[in-house]
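Read through the structure below, which is laid out as structure tokens, and then see the notes.
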Amino acid sequence: MKKIILTGGGTAGHVTPNIALMPKLKELGYEIHYIGSYEGIEKQLIEQQNIPYYGISSGKLRRYFDIKNFSDPFKVLKGYAQARRLIKRIAPDVIFSKGGFVSVPVILAAKHCKVPSVIHESDITPGLANKLAIPAARKVCCNFPETLQYLPKEKAVLTGSPIRAELMHGDPCRARKLCGFSDSRKTILVIGGSTGSQIINQAVRQLLPRLCSQYQIIHLCGKGKLEPSLTGQEGYAQFEYAGTELSDFFALADLVISRAGANAICEILALHLPNILIPLSANASRGDQILNARSFEKQGFSYVIEEERLSDETLSQAILHVLGHVSDYKEKMESSKQLNSIDTIIDLIQSF
């Protein structure tokens with residue numbers, strides 16, 4: 001039996017593509033192990049899959065000054081030593097990484113242990129963690145054709161993002177029942193990322209009286225970001241995070257308002273859902289979500305509102321525009337040349 005170690009963490013976007021690969025890996029007889037951080041979101045998500053999980057020390061490498069920059073390199077070194085011990089003990093045939101800083105010591109340790117590794121870059125330009133890992137990897141998968149120019153030619157493979165099969169089989173009736181909604185109004189699904197977005201939450205809640213007079217709103221607002229005063233509001237259902245319910249929410253949604261994380265927008269594209277993207281500001285990130293969103297806008301898949309322009313009026317106008325051009329957006333998404341990501345990545349994994 002072949003063995004594989006999967007790694008990646010920090011956000012749900014660094015975990016869910018790994019989960020999407022698991023059914024096919026199990027079907028092929030792989031023994032799957034997972035290395036993540038001690039208490040990151042990946043721990044909970046992977047343990048739900050009944051996969052052996054190993055936590056290691058993880059430090060964030062920042063481009064800006066922070067007092068933790070003095071201590072985190074030691075955490076990375078500790079994580080590297082822990083990863084080496086785990087790799088020697090498990091003796092995998094290959095390692096697949098979805099990125100995030102916890103993956104860096106794992107990929108570096110894999111090279112030291114002479115175990116081939118494949119990494120996946122979701123965004124148009126590689127993040128710092130993957131930049132550090134690319135020299136040690138055998139192959140680098142990516143979502144966007146634009147990314148190929150930033151990767152070593154001999155390692156780069158355009159694969160797209162693995163999408164969980166269950167997302168394609170949601171039940172709108174279950175979602176209606178859970179939310180207490182009727183079938184007489186269109187439904188808007190708001191997703192602020194795995195940790196939620198205070199800016200999007202605020203914009204949606206300020207517009208809520210107007211929205212709820214016309215639509216039903218499912219709001220995934222992030223951990224600790226529920227608004228108690230809105231509990232029981234007719235036509236509005238708020239949740240910190242969606243697990244298995246997400247496929248049902250997608251099935252019910254007529255429109256999705258979302259951040260522009262690469263995995264989230266690839267899921268939206270796969271489901272051909274009309275959408276409004278509100279990318280994370282360049283002031284709070286390296287600008288990757290802006291590039292992702294602009295790529296989707298250029299291809300006719302999405303309507304984009306930059307965070308700095310988000311207001312009651314711009315959001316209201318965007319909703320009216322997208323719902324007035326649903327067939328145009330769906331036609332563009334349905335004609336997109338989506339890749340069979342899972343099979344392409346599995347073929348790469350099996351080549352080692």
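Simple scheme: letters A, B, ... for chains in structure tokens order, numbers from 1 for residues in each chain, numbers from 1 for ligands in the order shown.
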So which residues touch A:Lys223 within 12 Å, counting only C-alpha atoms, skipping near sequence neighbours fewer than 2 positions away, as a PyMOL selection string? chain A and resi 41+192-198+220-221+225-227+238-242
Excluding stretch 314-329 of chain A and residues on its chain fewer than 4 positions from it, collect all residues at most 7 Å away from it, counting only C-alpha atoms, and give them as a list of chain:residue names. A:Pro274, A:Gly300, A:Phe301, A:Leu310, A:Met333
As a VMD selection string, please: all residues of stretch 89-336 of chain A that backbone DSSP puts in strand (DSSP E). chain A and resid 94 to 97 117 to 121 139 to 142 156 to 158 187 to 191 216 to 220 236 to 239 255 to 258 275 to 277 303 to 304
Have a look at atom CA of A:Lys337 and atom CA of A:His120 and let me know their distance in Å, one decimal.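 Distance reported for this atom pair: 19.2 Å.
For the choices A:Ser311, A:Gln233, A:Ser281, A:Ser103, the atom-to-atom distance to A:Val204 is smallest for A:Ser311 when using only C-alpha atoms.
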Using only C-alpha atoms, which of the listed residues (A:Phe96, A:Tyr53, A:Phe144, A:Tyr30) sits closest to A:Asn263?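 Of A:Phe96, A:Tyr53, A:Phe144, A:Tyr30, the one nearest A:Asn263, counting only C-alpha atoms, is A:Phe144.
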When you look at stretch 153-166 of chain A with a cut-off of 7 Å (counting only C-alpha atoms), what residues show up, excluding the ones that are within fewer than 5 positions of it in the same chain? I need them as a list in words.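 Near stretch 153-166 of chain A, the qualifying residues are Pro17, Ala20, Leu21, Arg138, Lys139, Val140, Cys141, Cys142, Asn143, Phe144, Pro145, Leu148, Ser247, Asn263, Cys266, Glu267, Leu339, Ser341, Ile342, Thr344 and Ile345 of chain A.
Interatomic distance, atom CA of A:Phe181 against atom CA of A:Ile218: 9.7 Å.
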Residues of stretch 9-151 of chain A in helix (DSSP H, G or I) according to DSSP, as an NGL selection string? :A and (12-14 or 16-27 or 41-47 or 67-70 or 72-90 or 103-112 or 128-136 or 145-150)
Would you kindly return, as a list in words, each protein, DNA or RNA residue with an atom no farther than 8 Å from any atom of A:Tyr80, considering only C-alpha atoms and excluding same-chain residues fewer than 3 positions away?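 The neighbour list is Val76, Leu77, Ala83, Arg84, Pro105, Val106, Leu108 and Ala109 of chain A.
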So what do you get for atom CA of A:Glu121 versus atom CA of A:Asp288, distance-wise? 11.4 Å
